[in-house]
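Source file: query_1.pdb; contents: PDB, C-alpha atoms, pLDDT in the B column.
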```pdb
ATOM      1  CA  MET A 145     -14.335  14.692  17.134  1.00 79.00           C
ATOM      2  CA  VAL A 146     -14.384  11.383  15.243  1.00 86.00           C
ATOM      3  CA  SER A 147     -15.711  12.984  12.072  1.00 89.00           C
ATOM      4  CA  TRP A 148     -12.952  15.625  12.275  1.00 94.00           C
ATOM      5  CA  PHE A 149     -10.301  12.901  12.631  1.00 93.00           C
ATOM      6  CA  LEU A 150     -11.793  10.911   9.739  1.00 93.00           C
ATOM      7  CA  ARG A 151     -11.763  13.985   7.480  1.00 94.00           C
ATOM      8  CA  LEU A 152      -8.142  14.741   8.402  1.00 94.00           C
ATOM      9  CA  GLU A 153      -7.197  11.116   7.777  1.00 94.00           C
ATOM     10  CA  GLN A 154      -8.961  11.188   4.402  1.00 93.00           C
ATOM     11  CA  VAL A 155      -6.894  14.213   3.353  1.00 95.00           C
ATOM     12  CA  LEU A 156      -3.687  12.576   4.590  1.00 95.00           C
ATOM     13  CA  ASN A 157      -4.610   9.318   2.873  1.00 94.00           C
ATOM     14  CA  ARG A 158      -5.112  11.131  -0.436  1.00 95.00           C
ATOM     15  CA  LEU A 159      -1.777  12.889   0.060  1.00 96.00           C
ATOM     16  CA  ALA A 160      -0.054   9.541   0.681  1.00 95.00           C
ATOM     17  CA  LEU A 161      -1.692   8.008  -2.386  1.00 95.00           C
ATOM     18  CA  THR A 162      -0.730  11.014  -4.521  1.00 96.00           C
ATOM     19  CA  VAL A 163       2.879  10.709  -3.375  1.00 96.00           C
ATOM     20  CA  ALA A 164       2.787   6.967  -4.099  1.00 96.00           C
ATOM     21  CA  ILE A 165       1.469   7.538  -7.622  1.00 96.00           C
ATOM     22  CA  ALA A 166       4.071  10.235  -8.287  1.00 97.00           C
ATOM     23  CA  MET A 167       6.857   7.971  -7.020  1.00 96.00           C
ATOM     24  CA  LEU A 168       5.601   5.124  -9.219  1.00 97.00           C
ATOM     25  CA  ILE A 169       5.625   7.377 -12.274  1.00 97.00           C
ATOM     26  CA  VAL A 170       9.156   8.568 -11.461  1.00 96.00           C
ATOM     27  CA  SER A 171      10.364   5.015 -10.831  1.00 96.00           C
ATOM     28  CA  VAL A 172       8.936   3.648 -14.082  1.00 96.00           C
ATOM     29  CA  SER A 173      10.268   6.619 -16.048  1.00 96.00           C
ATOM     30  CA  LEU A 174      13.735   6.174 -14.579  1.00 95.00           C
ATOM     31  CA  GLY A 175      13.605   2.454 -15.325  1.00 92.00           C
ATOM     32  CA  PHE A 176      12.762   3.228 -18.943  1.00 94.00           C
ATOM     33  CA  TYR A 177      15.577   5.776 -19.068  1.00 95.00           C
ATOM     34  CA  GLN A 178      17.967   3.180 -17.630  1.00 92.00           C
ATOM     35  CA  VAL A 179      17.022   0.676 -20.344  1.00 91.00           C
ATOM     36  CA  LEU A 180      17.481   3.306 -23.063  1.00 92.00           C
ATOM     37  CA  THR A 181      20.910   4.372 -21.853  1.00 91.00           C
ATOM     38  CA  ARG A 182      22.112   0.822 -21.288  1.00 90.00           C
ATOM     39  CA  PHE A 183      20.893  -0.930 -24.440  1.00 90.00           C
ATOM     40  CA  LEU A 184      20.299   1.825 -26.984  1.00 88.00           C
ATOM     41  CA  PHE A 185      23.215   4.146 -26.254  1.00 88.00           C
ATOM     42  CA  ASN A 186      25.590   1.560 -24.692  1.00 88.00           C
ATOM     43  CA  ALA A 187      26.328   4.067 -21.909  1.00 87.00           C
ATOM     44  CA  PRO A 188      24.411   2.995 -18.788  1.00 86.00           C
ATOM     45  CA  SER A 189      23.326   5.737 -16.446  1.00 87.00           C
ATOM     46  CA  THR A 190      25.015   5.533 -13.080  1.00 84.00           C
ATOM     47  CA  TRP A 191      22.341   7.272 -11.037  1.00 89.00           C
ATOM     48  CA  SER A 192      18.943   6.266 -12.468  1.00 89.00           C
ATOM     49  CA  GLU A 193      18.830   2.738 -11.045  1.00 88.00           C
ATOM     50  CA  THR A 194      19.560   3.941  -7.520  1.00 89.00           C
ATOM     51  CA  LEU A 195      16.977   6.706  -7.689  1.00 92.00           C
ATOM     52  CA  SER A 196      14.429   4.355  -9.278  1.00 92.00           C
ATOM     53  CA  ARG A 197      14.844   1.911  -6.390  1.00 92.00           C
ATOM     54  CA  ALA A 198      14.464   4.681  -3.798  1.00 93.00           C
ATOM     55  CA  THR A 199      11.305   6.038  -5.427  1.00 95.00           C
ATOM     56  CA  MET A 200       9.818   2.533  -5.609  1.00 96.00           C
ATOM     57  CA  ILE A 201      10.432   2.113  -1.876  1.00 95.00           C
ATOM     58  CA  TRP A 202       8.584   5.397  -1.252  1.00 96.00           C
ATOM     59  CA  CYS A 203       5.783   4.261  -3.569  1.00 96.00           C
ATOM     60  CA  VAL A 204       5.236   1.011  -1.657  1.00 96.00           C
ATOM     61  CA  PHE A 205       5.306   2.513   1.822  1.00 96.00           C
ATOM     62  CA  MET A 206       3.065   5.457   0.943  1.00 96.00           C
ATOM     63  CA  ALA A 207       0.540   3.250  -0.865  1.00 95.00           C
ATOM     64  CA  ALA A 208       0.346   1.026   2.214  1.00 93.00           C
ATOM     65  CA  ALA A 209      -1.817   3.651   3.937  1.00 91.00           C
ATOM     66  CA  ALA A 210      -4.506   3.398   1.259  1.00 89.00           C
ATOM     67  CA  THR A 211      -4.460  -0.396   1.317  1.00 89.00           C
ATOM     68  CA  PHE A 212      -4.787  -0.513   5.093  1.00 89.00           C
ATOM     69  CA  ARG A 213      -7.592   2.075   4.975  1.00 88.00           C
ATOM     70  CA  GLY A 214      -9.559  -0.005   2.506  1.00 83.00           C
ATOM     71  CA  GLY A 215      -8.993  -3.145   4.536  1.00 80.00           C
ATOM     72  CA  PHE A 216      -7.184  -4.835   1.680  1.00 78.00           C
ATOM     73  CA  MET A 217      -4.170  -5.858   3.762  1.00 69.00           C
ATOM     74  CA  MET A 218      -6.165  -6.982   6.783  1.00 60.00           C
ATOM     75  CA  ALA A 219      -8.771  -9.259   5.232  1.00 64.00           C
ATOM     76  CA  VAL A 220      -8.723 -13.028   5.116  1.00 68.00           C
ATOM     77  CA  GLU A 221     -12.190 -13.617   3.725  1.00 74.00           C
ATOM     78  CA  VAL A 222     -12.652 -17.167   4.986  1.00 77.00           C
ATOM     79  CA  ILE A 223     -12.293 -15.953   8.594  1.00 80.00           C
ATOM     80  CA  TYR A 224     -15.029 -13.382   8.025  1.00 78.00           C
ATOM     81  CA  LYS A 225     -17.322 -16.122   6.742  1.00 82.00           C
ATOM     82  CA  LEU A 226     -16.689 -18.362   9.781  1.00 85.00           C
ATOM     83  CA  VAL A 227     -17.123 -15.694  12.480  1.00 85.00           C
ATOM     84  CA  PRO A 228     -20.687 -14.819  13.554  1.00 87.00           C
ATOM     85  CA  LYS A 229     -21.905 -11.351  12.517  1.00 83.00           C
ATOM     86  CA  ARG A 230     -22.015 -10.081  16.104  1.00 86.00           C
ATOM     87  CA  ALA A 231     -18.302 -10.902  16.573  1.00 89.00           C
ATOM     88  CA  LEU A 232     -17.095  -9.145  13.400  1.00 89.00           C
ATOM     89  CA  LEU A 233     -16.296  -5.884  15.184  1.00 91.00           C
ATOM     90  CA  ALA A 234     -14.145  -7.737  17.728  1.00 92.00           C
ATOM     91  CA  LEU A 235     -12.389  -9.514  14.844  1.00 89.00           C
ATOM     92  CA  GLU A 236     -11.768  -6.169  13.126  1.00 89.00           C
ATOM     93  CA  TRP A 237     -10.300  -4.752  16.338  1.00 93.00           C
ATOM     94  CA  PHE A 238      -8.082  -7.811  16.826  1.00 92.00           C
ATOM     95  CA  ILE A 239      -6.788  -7.570  13.248  1.00 89.00           C
ATOM     96  CA  GLY A 240      -6.387  -3.799  13.545  1.00 92.00           C
ATOM     97  CA  LEU A 241      -4.417  -4.064  16.787  1.00 95.00           C
ATOM     98  CA  CYS A 242      -2.127  -6.699  15.231  1.00 93.00           C
ATOM     99  CA  CYS A 243      -1.552  -4.382  12.271  1.00 92.00           C
ATOM    100  CA  LEU A 244      -0.862  -1.448  14.598  1.00 96.00           C
ATOM    101  CA  LEU A 245       1.675  -3.543  16.492  1.00 97.00           C
ATOM    102  CA  VAL A 246       3.553  -4.441  13.298  1.00 96.00           C
ATOM    103  CA  LEU A 247       3.377  -0.852  12.046  1.00 96.00           C
ATOM    104  CA  ALA A 248       4.663   0.454  15.388  1.00 98.00           C
ATOM    105  CA  VAL A 249       7.663  -1.875  15.129  1.00 98.00           C
ATOM    106  CA  LEU A 250       8.272  -0.621  11.574  1.00 97.00           C
ATOM    107  CA  LEU A 251       7.960   2.969  12.762  1.00 97.00           C
ATOM    108  CA  ILE A 252      10.411   2.572  15.657  1.00 98.00           C
ATOM    109  CA  TYR A 253      12.987   0.540  13.763  1.00 97.00           C
ATOM    110  CA  GLY A 254      12.496   2.672  10.658  1.00 97.00           C
ATOM    111  CA  ILE A 255      13.412   5.795  12.620  1.00 97.00           C
ATOM    112  CA  GLN A 256      16.453   4.035  14.058  1.00 97.00           C
ATOM    113  CA  MET A 257      17.575   2.808  10.617  1.00 96.00           C
ATOM    114  CA  THR A 258      17.057   6.236   9.077  1.00 96.00           C
ATOM    115  CA  GLN A 259      19.248   7.788  11.758  1.00 96.00           C
ATOM    116  CA  ARG A 260      21.841   5.021  11.468  1.00 96.00           C
ATOM    117  CA  VAL A 261      22.377   5.496   7.702  1.00 94.00           C
ATOM    118  CA  SER A 262      22.283   9.284   7.723  1.00 92.00           C
ATOM    119  CA  ASN A 263      26.051   9.498   7.153  1.00 92.00           C
ATOM    120  CA  GLN A 264      26.021   7.067   4.214  1.00 92.00           C
ATOM    121  CA  MET A 265      25.444   8.222   0.648  1.00 91.00           C
ATOM    122  CA  LEU A 266      23.374   6.652  -2.113  1.00 84.00           C
ATOM    123  CA  SER A 267      25.727   5.479  -4.826  1.00 79.00           C
ATOM    124  CA  ALA A 268      26.107   7.877  -7.767  1.00 79.00           C
ATOM    125  CA  LEU A 269      23.783  10.463  -6.235  1.00 84.00           C
ATOM    126  CA  GLU A 270      25.749  11.962  -3.339  1.00 86.00           C
ATOM    127  CA  VAL A 271      22.511  12.110  -1.358  1.00 90.00           C
ATOM    128  CA  SER A 272      22.102  10.683   2.119  1.00 92.00           C
ATOM    129  CA  MET A 273      20.651   7.174   2.296  1.00 92.00           C
ATOM    130  CA  SER A 274      18.355   8.425   5.018  1.00 94.00           C
ATOM    131  CA  TRP A 275      16.085   9.912   2.341  1.00 94.00           C
ATOM    132  CA  ALA A 276      15.325   6.418   1.029  1.00 93.00           C
ATOM    133  CA  TYR A 277      15.048   4.853   4.499  1.00 95.00           C
ATOM    134  CA  ALA A 278      12.728   7.631   5.709  1.00 96.00           C
ATOM    135  CA  ALA A 279       9.970   5.986   3.667  1.00 96.00           C
ATOM    136  CA  ILE A 280       9.681   3.279   6.330  1.00 96.00           C
ATOM    137  CA  PRO A 281       8.693   5.447   9.314  1.00 97.00           C
ATOM    138  CA  VAL A 282       6.744   7.971   7.223  1.00 97.00           C
ATOM    139  CA  GLY A 283       4.729   5.279   5.441  1.00 96.00           C
ATOM    140  CA  SER A 284       4.193   3.400   8.704  1.00 97.00           C
ATOM    141  CA  ALA A 285       2.849   6.538  10.399  1.00 97.00           C
ATOM    142  CA  PHE A 286       0.403   7.166   7.544  1.00 96.00           C
ATOM    143  CA  ALA A 287      -0.677   3.502   7.655  1.00 96.00           C
ATOM    144  CA  MET A 288      -1.197   3.647  11.430  1.00 96.00           C
ATOM    145  CA  LEU A 289      -3.511   6.633  10.999  1.00 96.00           C
ATOM    146  CA  ALA A 290      -5.388   4.699   8.314  1.00 94.00           C
ATOM    147  CA  VAL A 291      -5.855   1.645  10.556  1.00 94.00           C
ATOM    148  CA  ILE A 292      -7.081   3.804  13.438  1.00 95.00           C
ATOM    149  CA  ALA A 293      -9.491   5.649  11.122  1.00 95.00           C
ATOM    150  CA  ARG A 294     -10.853   2.360   9.770  1.00 92.00           C
ATOM    151  CA  LEU A 295     -11.424   1.006  13.278  1.00 93.00           C
ATOM    152  CA  LEU A 296     -13.132   4.205  14.435  1.00 94.00           C
ATOM    153  CA  ALA A 297     -15.354   4.377  11.353  1.00 92.00           C
ATOM    154  CA  GLN A 298     -16.410   0.750  11.781  1.00 91.00           C
ATOM    155  CA  SER A 299     -16.961   1.124  15.527  1.00 91.00           C
ATOM    156  CA  PHE A 300     -19.297   4.092  14.997  1.00 89.00           C
ATOM    157  CA  GLY A 301     -21.156   2.331  12.174  1.00 86.00           C
ATOM    158  CA  LEU A 302     -19.892   4.681   9.467  1.00 86.00           C
ATOM    159  CA  GLU A 303     -18.371   1.853   7.416  1.00 85.00           C
ATOM    160  CA  PRO A 304     -19.318  -1.786   6.929  1.00 82.00           C
ATOM    161  CA  LEU A 305     -17.436  -4.530   8.727  1.00 82.00           C
ATOM    162  CA  GLY A 306     -15.336  -7.048   6.864  1.00 75.00           C
ATOM    163  CA  PRO A 307     -13.435  -6.923   3.627  1.00 69.00           C
ATOM    164  CA  VAL A 308     -14.409  -4.230   1.158  1.00 65.00           C
ATOM    165  CA  HIS A 309     -14.129  -6.498  -1.872  1.00 58.00           C
ATOM    166  CA  ASP A 310     -15.475 -10.054  -1.786  1.00 50.00           C
ATOM    167  CA  GLU A 311     -14.288 -12.070  -4.788  1.00 51.00           C
ATOM    168  CA  ALA A 312     -16.279 -15.150  -3.771  1.00 48.00           C
ATOM    169  CA  VAL A 313     -19.598 -13.294  -4.154  1.00 48.00           C
ATOM    170  CA  GLU A 314     -18.531 -11.959  -7.554  1.00 52.00           C
ATOM    171  CA  GLN A 315     -17.564 -15.398  -8.849  1.00 53.00           C
ATOM    172  CA  SER A 316     -20.765 -17.091  -7.668  1.00 53.00           C
ATOM    173  CA  SER A 317     -22.974 -14.385  -9.200  1.00 53.00           C
ATOM    174  CA  ALA A 318     -21.107 -14.304 -12.514  1.00 52.00           C
ATOM    175  CA  GLN A 319     -22.873 -15.914 -15.445  1.00 53.00           C
ATOM    176  CA  PRO A 320     -21.105 -19.011 -16.698  1.00 51.00           C
ATOM    177  CA  VAL A 321     -19.733 -18.737 -20.200  1.00 49.00           C
ATOM    178  CA  ARG A 322     -21.536 -21.128 -22.511  1.00 51.00           C
ATOM    179  CA  PRO A 323     -19.192 -22.756 -25.004  1.00 49.00           C
ATOM    180  CA  ALA A 324     -20.250 -22.449 -28.623  1.00 51.00           C
ATOM    181  CA  SER A 325     -21.797 -25.596 -30.036  1.00 49.00           C
ATOM    182  CA  HIS A 326     -20.230 -27.373 -32.953  1.00 50.00           C
ATOM    183  CA  GLU A 327     -22.892 -26.041 -35.348  1.00 51.00           C
ATOM    184  CA  GLU A 328     -22.506 -22.418 -34.133  1.00 51.00           C
ATOM    185  CA  SER A 329     -18.751 -22.500 -34.625  1.00 47.00           C
ATOM    186  CA  ARG A 330     -19.131 -23.490 -38.326  1.00 50.00           C
ATOM    187  CA  SER A 331     -21.259 -20.488 -39.208  1.00 49.00           C
TER
END
```

Can you present the structure in this file as structure tokens?
Amino acid sequence: MVSWFLRLEQVLNRLALTVAIAMLIVSVSLGFYQVLTRFLFNAPSTWSETLSRATMIWCVFMAAAATFRGGFMMAVEVIYKLVPKRALLALEWFIGLCCLLVLAVLLIYGIQMTQRVSNQMLSALEVSMSWAYAAIPVGSAFAMLAVIARLLAQSFGLEPLGPVHDEAVEQSSAQPVRPASHEESRS
């Protein structure tokens, strides 16, 4: 059952990341278009800035699932170094439950906000604002699945505990750069 859920979550996580990448590409392209129309043609586009902002909101909320899944938004490395190894799973669960609480608040209030603005239109687009606001509950739901999957995978020993990327280990193992001596710099 857990492996089935983890596979489903992996597919959904890839979907969320694909949507985030697509929204980033659209947002950057529209930003470039906005600059061209404003400064090159002296006729600023009325719709591209609004759509660019909405796609960037979707990008951020959809990418949140991948960052939660990797543990990038939950890790404070110094805490992991201070806690004994046997207590790391409890720490992960505490952090995960705090994240789930925040994401649940975002989900509930995101749904309410999306419903509240459904009669308002995005300027220059004549599209309901609810399309932009829907990123909040949708992204929060994907992120909640990612947090649950991370906790399950760590609890069953399928993934390591703690942050995925430890910068402190990288910096201490990196070779120091030796400055060139005065004689070497002349040659």

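With distances taken over all atoms listed in the file, A:Ala166 is the one residue among A:Val227, A:Ala166, A:Val179, A:Leu251 lying closest to Met200 (chain A).
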
Surrounding residues of Leu302 (chain A) excluding itself and chain neighbours under 6 positions, 12 Å, all atoms listed in the file, as a PyMOL selection string:
chain A and resi 146-147+150+293-296

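Candidate residues A:Ile201, A:Val163, A:Leu289, A:Val172 were compared for distance to Arg213 (chain A), and the nearest is A:Leu289, using all atoms listed in the file.
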
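Atom to atom, CA of Ser171 (chain A) and CA of Leu195 (chain A) stand 7.5 Å apart.
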
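Between Glu270 (chain A) and the candidates A:Thr190, A:Ser196, A:Leu161, A:Val282, the tightest atom-to-atom separation, counting all atoms listed in the file, involves A:Thr190.
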
Missing atoms in region 288-307 of chain A: can you complete it with N, CA, C and O atoms, as a PDB file, keeping the file's coordinate frame?
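Output saved as part.pdb:
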```
ATOM      1  N   MET A 288      -0.617   3.731  10.089  1.00 96.00           N
ATOM      2  CA  MET A 288      -1.197   3.647  11.430  1.00 96.00           C
ATOM      3  C   MET A 288      -2.429   4.545  11.552  1.00 96.00           C
ATOM      4  O   MET A 288      -3.454   4.132  12.118  1.00 96.00           O
ATOM      5  N   LEU A 289      -2.336   5.748  11.004  1.00 96.00           N
ATOM      6  CA  LEU A 289      -3.511   6.633  10.999  1.00 96.00           C
ATOM      7  C   LEU A 289      -4.666   5.998  10.236  1.00 96.00           C
ATOM      8  O   LEU A 289      -5.825   6.101  10.641  1.00 96.00           O
ATOM      9  N   ALA A 290      -4.345   5.340   9.122  1.00 94.00           N
ATOM     10  CA  ALA A 290      -5.388   4.699   8.314  1.00 94.00           C
ATOM     11  C   ALA A 290      -6.058   3.556   9.066  1.00 94.00           C
ATOM     12  O   ALA A 290      -7.291   3.406   9.020  1.00 94.00           O
ATOM     13  N   VAL A 291      -5.286   2.754   9.778  1.00 94.00           N
ATOM     14  CA  VAL A 291      -5.855   1.645  10.556  1.00 94.00           C
ATOM     15  C   VAL A 291      -6.747   2.184  11.661  1.00 94.00           C
ATOM     16  O   VAL A 291      -7.864   1.690  11.875  1.00 94.00           O
ATOM     17  N   ILE A 292      -6.283   3.209  12.363  1.00 95.00           N
ATOM     18  CA  ILE A 292      -7.081   3.804  13.438  1.00 95.00           C
ATOM     19  C   ILE A 292      -8.373   4.391  12.881  1.00 95.00           C
ATOM     20  O   ILE A 292      -9.458   4.203  13.450  1.00 95.00           O
ATOM     21  N   ALA A 293      -8.294   5.072  11.742  1.00 95.00           N
ATOM     22  CA  ALA A 293      -9.491   5.649  11.122  1.00 95.00           C
ATOM     23  C   ALA A 293     -10.477   4.558  10.716  1.00 95.00           C
ATOM     24  O   ALA A 293     -11.688   4.699  10.911  1.00 95.00           O
ATOM     25  N   ARG A 294      -9.978   3.469  10.163  1.00 92.00           N
ATOM     26  CA  ARG A 294     -10.853   2.360   9.770  1.00 92.00           C
ATOM     27  C   ARG A 294     -11.564   1.775  10.988  1.00 92.00           C
ATOM     28  O   ARG A 294     -12.774   1.533  10.967  1.00 92.00           O
ATOM     29  N   LEU A 295     -10.820   1.566  12.071  1.00 93.00           N
ATOM     30  CA  LEU A 295     -11.424   1.006  13.278  1.00 93.00           C
ATOM     31  C   LEU A 295     -12.465   1.947  13.877  1.00 93.00           C
ATOM     32  O   LEU A 295     -13.539   1.506  14.298  1.00 93.00           O
ATOM     33  N   LEU A 296     -12.159   3.234  13.910  1.00 94.00           N
ATOM     34  CA  LEU A 296     -13.132   4.205  14.435  1.00 94.00           C
ATOM     35  C   LEU A 296     -14.387   4.258  13.568  1.00 94.00           C
ATOM     36  O   LEU A 296     -15.509   4.266  14.087  1.00 94.00           O
ATOM     37  N   ALA A 297     -14.202   4.304  12.263  1.00 92.00           N
ATOM     38  CA  ALA A 297     -15.354   4.377  11.353  1.00 92.00           C
ATOM     39  C   ALA A 297     -16.232   3.138  11.481  1.00 92.00           C
ATOM     40  O   ALA A 297     -17.464   3.232  11.469  1.00 92.00           O
ATOM     41  N   GLN A 298     -15.618   1.978  11.633  1.00 91.00           N
ATOM     42  CA  GLN A 298     -16.410   0.750  11.781  1.00 91.00           C
ATOM     43  C   GLN A 298     -17.073   0.691  13.153  1.00 91.00           C
ATOM     44  O   GLN A 298     -18.208   0.237  13.270  1.00 91.00           O
ATOM     45  N   SER A 299     -16.393   1.154  14.178  1.00 91.00           N
ATOM     46  CA  SER A 299     -16.961   1.124  15.527  1.00 91.00           C
ATOM     47  C   SER A 299     -18.174   2.034  15.660  1.00 91.00           C
ATOM     48  O   SER A 299     -19.110   1.730  16.400  1.00 91.00           O
ATOM     49  N   PHE A 300     -18.175   3.159  14.948  1.00 89.00           N
ATOM     50  CA  PHE A 300     -19.297   4.092  14.997  1.00 89.00           C
ATOM     51  C   PHE A 300     -20.329   3.811  13.904  1.00 89.00           C
ATOM     52  O   PHE A 300     -21.241   4.603  13.703  1.00 89.00           O
ATOM     53  N   GLY A 301     -20.172   2.717  13.183  1.00 86.00           N
ATOM     54  CA  GLY A 301     -21.156   2.331  12.174  1.00 86.00           C
ATOM     55  C   GLY A 301     -21.110   3.157  10.907  1.00 86.00           C
ATOM     56  O   GLY A 301     -22.071   3.177  10.140  1.00 86.00           O
ATOM     57  N   LEU A 302     -20.018   3.849  10.662  1.00 86.00           N
ATOM     58  CA  LEU A 302     -19.892   4.681   9.467  1.00 86.00           C
ATOM     59  C   LEU A 302     -19.404   3.897   8.258  1.00 86.00           C
ATOM     60  O   LEU A 302     -19.522   4.376   7.131  1.00 86.00           O
ATOM     61  N   GLU A 303     -18.860   2.724   8.486  1.00 85.00           N
ATOM     62  CA  GLU A 303     -18.371   1.853   7.416  1.00 85.00           C
ATOM     63  C   GLU A 303     -18.768   0.426   7.728  1.00 85.00           C
ATOM     64  O   GLU A 303     -18.879   0.051   8.893  1.00 85.00           O
ATOM     65  N   PRO A 304     -18.949  -0.382   6.686  1.00 82.00           N
ATOM     66  CA  PRO A 304     -19.318  -1.786   6.929  1.00 82.00           C
ATOM     67  C   PRO A 304     -18.134  -2.580   7.489  1.00 82.00           C
ATOM     68  O   PRO A 304     -16.975  -2.228   7.283  1.00 82.00           O
ATOM     69  N   LEU A 305     -18.462  -3.641   8.186  1.00 82.00           N
ATOM     70  CA  LEU A 305     -17.436  -4.530   8.727  1.00 82.00           C
ATOM     71  C   LEU A 305     -17.023  -5.538   7.663  1.00 82.00           C
ATOM     72  O   LEU A 305     -17.796  -5.874   6.771  1.00 82.00           O
ATOM     73  N   GLY A 306     -15.817  -6.018   7.776  1.00 75.00           N
ATOM     74  CA  GLY A 306     -15.336  -7.048   6.864  1.00 75.00           C
ATOM     75  C   GLY A 306     -14.615  -6.468   5.679  1.00 75.00           C
ATOM     76  O   GLY A 306     -14.437  -5.255   5.561  1.00 75.00           O
ATOM     77  N   PRO A 307     -14.186  -7.380   4.804  1.00 69.00           N
ATOM     78  CA  PRO A 307     -13.435  -6.923   3.627  1.00 69.00           C
ATOM     79  C   PRO A 307     -14.302  -6.084   2.707  1.00 69.00           C
ATOM     80  O   PRO A 307     -15.503  -6.309   2.590  1.00 69.00           O
TER      81      PRO A 307
END
```
